[in-house]
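This report concerns only the one structure given below.
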Amino acid sequence: MKDIQTTRAIPRAINWNRLQDDKDLEVWNRLTVNFWLPEKVPLSNDVQSWATLRPEERELTIRVFTGLTLLDTIQNSLGAPALLADAQTPHEEAVLTNIAFMEAVHARSYSSIFSTLCLTRDVDEAFRWSEDNPHLQAKARLILDEYDAGADPMRRKIASVFLESFLFYSGFYLPMYWSSRAKLTNTADLIRLIIRDEAIHGYYIGYKFQRAAERLSQAERDALKDFAFSLMFDLYEIETKYTEELYDGIGLTEDVKAFLHYNANKALQNLGYEGLFPPAVCEVNPAILAALSPDSENHDFFSGSGSSYVIGKAVATEDEDWDF
Amino acid sequence: MGGLVHFSSRSGNTGRFVAAVGVPSDRIPIAADDDLPMPAAPYILICPTFADGEGRGAVPKQVIRFLNDPARRALIRGVIGMGNRNFGATFALAGRVIAGKCDVPLLDRIELAGTTNDVARVRAGLARFWGTVPMAQTGKLECLTTA
Ligand SMILES: Cc1cc2nc3c(=O)[nH]c(=O)nc-3n(C[C@H](O)[C@H](O)[C@H](O)COP(=O)(O)O)c2cc1C
Ligand SMILES: [Fe+2]
Ligand SMILES: [Fe+2]
């Protein structure tokens with residue numbers, strides 16, 4: 001009879017007024033206010049700029065974006081859903097479904113760029129290229145191995161943080177580079193929205209990793225750290241080959257590699273670890289850093305040369321919270 | 001030297017950075033009902049950013065609670081903003097907001113738990129900064145604003 005249904009586990013209805021972890025609500029709130037769609041960005045304003053790129057620069061750009069599309073597709077359909085099974089709180093599950101959906105928005109955005117700027121034939125060619133590219137396929141495979149249902153939940157988080165906070169950056173470099181030369185600036189605006197989302201994703205998954213690691217023995221933590229550094233190293237080797245193949249032609253490989261090192265260190269920090277690459281190889285081109293965070297420039301007292309400084313301009317935010 | 005005060009949420013990046021700098025620091029607690037530290041001397045505040053896309057909410061509530069107390073606020077001499085450049089225009093915005101609200105200099109902006117270069121620069125910068133500040137002075141520091 002219908003009695004058989006009593007063995008099925010029914011989830012508890014989620015109560016957002018009873019939190020086990022305040023970070024869940026904090027991140028949920030930020031992700032939901034940050035929600036955006038590609039239609040919000042006037043990509044068609046880049047049509048003229050696109051026409052100024054040389055054919056090989058256009059081919060490179062389309063290829064880079066198909067590579068990014070693959071990573072977002074993986075994170076949308078496999079990565080974030082795989083993390084759901086390991087969620088410690090119902091609110092974490094809700095955040096992960098938001099992350100999964102935003103990955104679909106990211107993947108969809110690249111197609112908006114393509115349909116606005118590119119010829120269908122060139123885009124089809126680039127998708128074929130991405131399916132055949134051994135380096136792209138190899139990095140996807142390394143990550144997917146950790147996403148398998150039987151795999152370790154902690155390793156799954158490590159792989160996911162590396163995808164969110166490291167693997168995208170060989171691709172994100174290019175639109176930041178174009179924008180630093182005043183090209184494809186609307187496309188860069190869209191990519192910056194993606195970069196901001198990925199920053200929260202990498203942060204949150206890394207945070208949950210650190211929470212869970214607190215409950216493990218020292219030996220287990222050591223083993224995970226060894227695994228993380230060796231996976232980073234394997235991914236890095238693939239990324240350097242991928243980078244060379246893409247960027248040797250326009251002579252940017254070394255610049256991109258500095259960016260890779262810098263981002264690899266940040267990905268490791270999201271897991272609570274120290275960086276792997278020494279500062280000397282992480283000196284990112286200042287034009288790329290400025291393209292990442294436009295309008296945020298300031299004269300910092302400590303990094304400036306003289307003893308003068310600029311007092312922060314008063315910012316009229318959150319006045320209701322400040323008494324003075 | 002003057003002191004340090006910092007806030008770090010449970011992700012702990014700012015806490016790891018302050019530990020690496022190796023200067024003792026009063027930590028503003030995460031829980032709203034825990035006691036706030038009372039700095040004994042002028043201090044520099046190190047604060048992470050949690051803004052939304054429009055820049056709202058950049059300064060953590062705990063830090064606002066601390067700075068809303070006039071006695072504690074009177075001793076702030078500078079601020080270091082923490083964050084992540086991937087947040088674009090709001091990178092380390094908490095530092096700028098606090099600098100503006102408290103009329104003190106934004107001394108530096110640092111990503112996540114910082115790099116070894118960041119640690120060295122801040123150590124040297126703190127020594128240099130306190131070297132130029134008359135410790136007895138508790139009012140505002142017009143003396144530092146050179147044209
Ligand atoms: C919801 C959320 C919003 C954030 N917003 C910003 C931001 O606007 N600007 C920025 O520079 N960093 C931002 N960050 C990054 C944090 O400032 C950064 O991870 C910092 O290291 C956190 O410090 P803590 O671990 O000591 O708490 C944000 C992080 C989160 C989780
Ligand atoms: Fe994404
Ligand atoms: Fe993501």
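Chain identifiers are assigned as A, B, and so on, following the order in which chains appear in the structure tokens; residues are numbered from 1 within each chain, and ligands are numbered from 1 in order of appearance.
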Note to self: At a cut-off of 7 Å and counting only C-alpha atoms and all ligand atoms, what residues surround ligand 3? Please answer as number ranges by chain.
What the structure shows: A: 72, 75, 99, 103, 164, 197-198, 201-202
Can I get the selected residues back with all heavy atoms, as a PDB file, in the first residue's frame?
```
ATOM      1  N   ASP A  72      32.046  27.131 -17.121  1.00  0.00           N
ATOM      2  CA  ASP A  72      30.761  27.516 -16.515  1.00  0.00           C
ATOM      3  C   ASP A  72      29.707  26.434 -16.722  1.00  0.00           C
ATOM      4  O   ASP A  72      28.871  26.196 -15.847  1.00  0.00           O
ATOM      5  CB  ASP A  72      30.275  28.853 -17.098  1.00  0.00           C
ATOM      6  CG  ASP A  72      30.893  30.038 -16.361  1.00  0.00           C
ATOM      7  OD1 ASP A  72      30.889  30.033 -15.114  1.00  0.00           O
ATOM      8  OD2 ASP A  72      31.390  30.958 -17.027  1.00  0.00           O
ATOM      9  N   GLN A  75      30.408  23.779 -14.149  1.00  0.00           N
ATOM     10  CA  GLN A  75      30.055  24.204 -12.793  1.00  0.00           C
ATOM     11  C   GLN A  75      28.538  24.291 -12.633  1.00  0.00           C
ATOM     12  O   GLN A  75      28.010  24.000 -11.570  1.00  0.00           O
ATOM     13  CB  GLN A  75      30.748  25.544 -12.501  1.00  0.00           C
ATOM     14  CG  GLN A  75      30.992  25.828 -11.035  1.00  0.00           C
ATOM     15  CD  GLN A  75      31.930  24.839 -10.348  1.00  0.00           C
ATOM     16  OE1 GLN A  75      32.269  23.780 -10.882  1.00  0.00           O
ATOM     17  NE2 GLN A  75      32.335  25.152  -9.142  1.00  0.00           N
ATOM     18  N   ILE A  99      24.215  29.481  -6.828  1.00  0.00           N
ATOM     19  CA  ILE A  99      25.497  29.435  -7.552  1.00  0.00           C
ATOM     20  C   ILE A  99      25.312  28.670  -8.864  1.00  0.00           C
ATOM     21  O   ILE A  99      25.732  29.123  -9.934  1.00  0.00           O
ATOM     22  CB  ILE A  99      26.593  28.796  -6.671  1.00  0.00           C
ATOM     23  CG1 ILE A  99      26.954  29.740  -5.504  1.00  0.00           C
ATOM     24  CG2 ILE A  99      27.835  28.459  -7.505  1.00  0.00           C
ATOM     25  CD1 ILE A  99      27.992  29.188  -4.535  1.00  0.00           C
ATOM     26  N   GLU A 103      25.878  30.139 -12.725  1.00  0.00           N
ATOM     27  CA  GLU A 103      26.816  29.565 -13.700  1.00  0.00           C
ATOM     28  C   GLU A 103      26.141  29.426 -15.065  1.00  0.00           C
ATOM     29  O   GLU A 103      26.779  29.624 -16.106  1.00  0.00           O
ATOM     30  CB  GLU A 103      27.336  28.197 -13.248  1.00  0.00           C
ATOM     31  CG  GLU A 103      28.008  28.157 -11.878  1.00  0.00           C
ATOM     32  CD  GLU A 103      29.242  29.020 -11.730  1.00  0.00           C
ATOM     33  OE1 GLU A 103      29.547  29.823 -12.632  1.00  0.00           O
ATOM     34  OE2 GLU A 103      29.899  28.924 -10.687  1.00  0.00           O
ATOM     35  N   GLU A 164      36.781  27.687  -9.690  1.00  0.00           N
ATOM     36  CA  GLU A 164      36.221  29.036  -9.509  1.00  0.00           C
ATOM     37  C   GLU A 164      37.311  30.112  -9.445  1.00  0.00           C
ATOM     38  O   GLU A 164      37.132  31.211  -9.960  1.00  0.00           O
ATOM     39  CB  GLU A 164      35.419  29.110  -8.196  1.00  0.00           C
ATOM     40  CG  GLU A 164      34.232  28.163  -8.103  1.00  0.00           C
ATOM     41  CD  GLU A 164      32.976  28.713  -8.760  1.00  0.00           C
ATOM     42  OE1 GLU A 164      33.048  29.785  -9.386  1.00  0.00           O
ATOM     43  OE2 GLU A 164      31.926  28.053  -8.653  1.00  0.00           O
ATOM     44  N   ASP A 197      31.149  37.453  -9.322  1.00  0.00           N
ATOM     45  CA  ASP A 197      30.407  36.266  -8.875  1.00  0.00           C
ATOM     46  C   ASP A 197      31.368  35.138  -8.511  1.00  0.00           C
ATOM     47  O   ASP A 197      31.216  34.483  -7.473  1.00  0.00           O
ATOM     48  CB  ASP A 197      29.457  35.775  -9.987  1.00  0.00           C
ATOM     49  CG  ASP A 197      28.285  36.727 -10.230  1.00  0.00           C
ATOM     50  OD1 ASP A 197      28.004  37.578  -9.362  1.00  0.00           O
ATOM     51  OD2 ASP A 197      27.661  36.607 -11.307  1.00  0.00           O
ATOM     52  N   GLU A 198      32.358  34.905  -9.377  1.00  0.00           N
ATOM     53  CA  GLU A 198      33.290  33.794  -9.113  1.00  0.00           C
ATOM     54  C   GLU A 198      34.059  34.035  -7.824  1.00  0.00           C
ATOM     55  O   GLU A 198      34.424  33.084  -7.122  1.00  0.00           O
ATOM     56  CB  GLU A 198      34.277  33.602 -10.270  1.00  0.00           C
ATOM     57  CG  GLU A 198      33.681  33.415 -11.677  1.00  0.00           C
ATOM     58  CD  GLU A 198      32.676  32.296 -11.808  1.00  0.00           C
ATOM     59  OE1 GLU A 198      32.297  31.675 -10.796  1.00  0.00           O
ATOM     60  OE2 GLU A 198      32.232  32.037 -12.948  1.00  0.00           O
ATOM     61  N   HIS A 201      31.810  32.842  -5.151  1.00  0.00           N
ATOM     62  CA  HIS A 201      31.715  31.382  -5.204  1.00  0.00           C
ATOM     63  C   HIS A 201      32.962  30.726  -4.601  1.00  0.00           C
ATOM     64  O   HIS A 201      32.863  29.823  -3.770  1.00  0.00           O
ATOM     65  CB  HIS A 201      31.545  30.891  -6.651  1.00  0.00           C
ATOM     66  CG  HIS A 201      30.299  31.390  -7.324  1.00  0.00           C
ATOM     67  ND1 HIS A 201      30.068  31.219  -8.675  1.00  0.00           N
ATOM     68  CD2 HIS A 201      29.223  32.066  -6.846  1.00  0.00           C
ATOM     69  CE1 HIS A 201      28.900  31.758  -8.987  1.00  0.00           C
ATOM     70  NE2 HIS A 201      28.371  32.285  -7.898  1.00  0.00           N
ATOM     71  N   GLY A 202      34.138  31.167  -5.045  1.00  0.00           N
ATOM     72  CA  GLY A 202      35.386  30.579  -4.548  1.00  0.00           C
ATOM     73  C   GLY A 202      35.549  30.808  -3.049  1.00  0.00           C
ATOM     74  O   GLY A 202      35.986  29.924  -2.311  1.00  0.00           O
TER      75      GLY A 202
END
```
Next item on the list: Output the neighbourhood of ligand 2 as a PyMOL selection string, that is, all protein and nucleic acid residues with some atom at most 12 Å from the ligand, counting only C-alpha atoms and all ligand atoms.
Entry: chain A and resi 67-77+79-80+98-110+160-161+163-169+172+190-202
Item checked: Atom-to-atom span, atom CA of Leu19 of chain A and atom 12 (N, counted along the ligand's line) of ligand 1, Å -> 23.3 Å
Notebook entry, point to check: Residues at most 8 Å from ligand 1, using only C-alpha atoms and all ligand atoms? Could they come as a PyMOL selection string?
Noted result: (chain A and resi 23+26-31+199-200+203-204+270) or (chain B and resi 7-16+47-53+55+58+81-94+111-113)
Next item on the list: as a PyMOL selection string, list the residues of segment 79-128 of chain B assigned to alpha helix (DSSP H) by DSSP on the backbone atoms of this structure.
Entry: chain B and resi 93-102+116-128
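With only C-alpha atoms taken into account, the protein and nucleic acid residues at most 6 Å from Leu106 of chain B (excluding it and anything under 3 positions from it in its own chain) are B:Val79, B:Ile80, B:Ala99.
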Suppose we keep N, CA and C atoms; can you now write the selection as a PDB file, in the first residue's frame?
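For reference, again_20.pdb as written:
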```
ATOM      1  N   VAL B  79      43.669  53.625   8.525  1.00  0.00           N
ATOM      2  CA  VAL B  79      42.931  52.391   8.250  1.00  0.00           C
ATOM      3  C   VAL B  79      43.591  51.650   7.087  1.00  0.00           C
ATOM      4  N   ILE B  80      43.567  50.327   7.175  1.00  0.00           N
ATOM      5  CA  ILE B  80      44.008  49.468   6.073  1.00  0.00           C
ATOM      6  C   ILE B  80      42.781  48.687   5.602  1.00  0.00           C
ATOM      7  N   ALA B  99      37.971  55.663   6.178  1.00  0.00           N
ATOM      8  CA  ALA B  99      38.849  56.832   6.060  1.00  0.00           C
ATOM      9  C   ALA B  99      38.018  58.103   5.921  1.00  0.00           C
TER      10      ALA B  99
END
```
Margin query: Can you pull out the residues contacting segment 211-217 of chain A? Cut-off 9 Å, using only C-alpha atoms, and skip same-chain residues under 3 positions away; I want them as a PyMOL selection string.
Written below: (chain A and resi 88+154+206-208+220-222+224) or (chain B and resi 10-11)
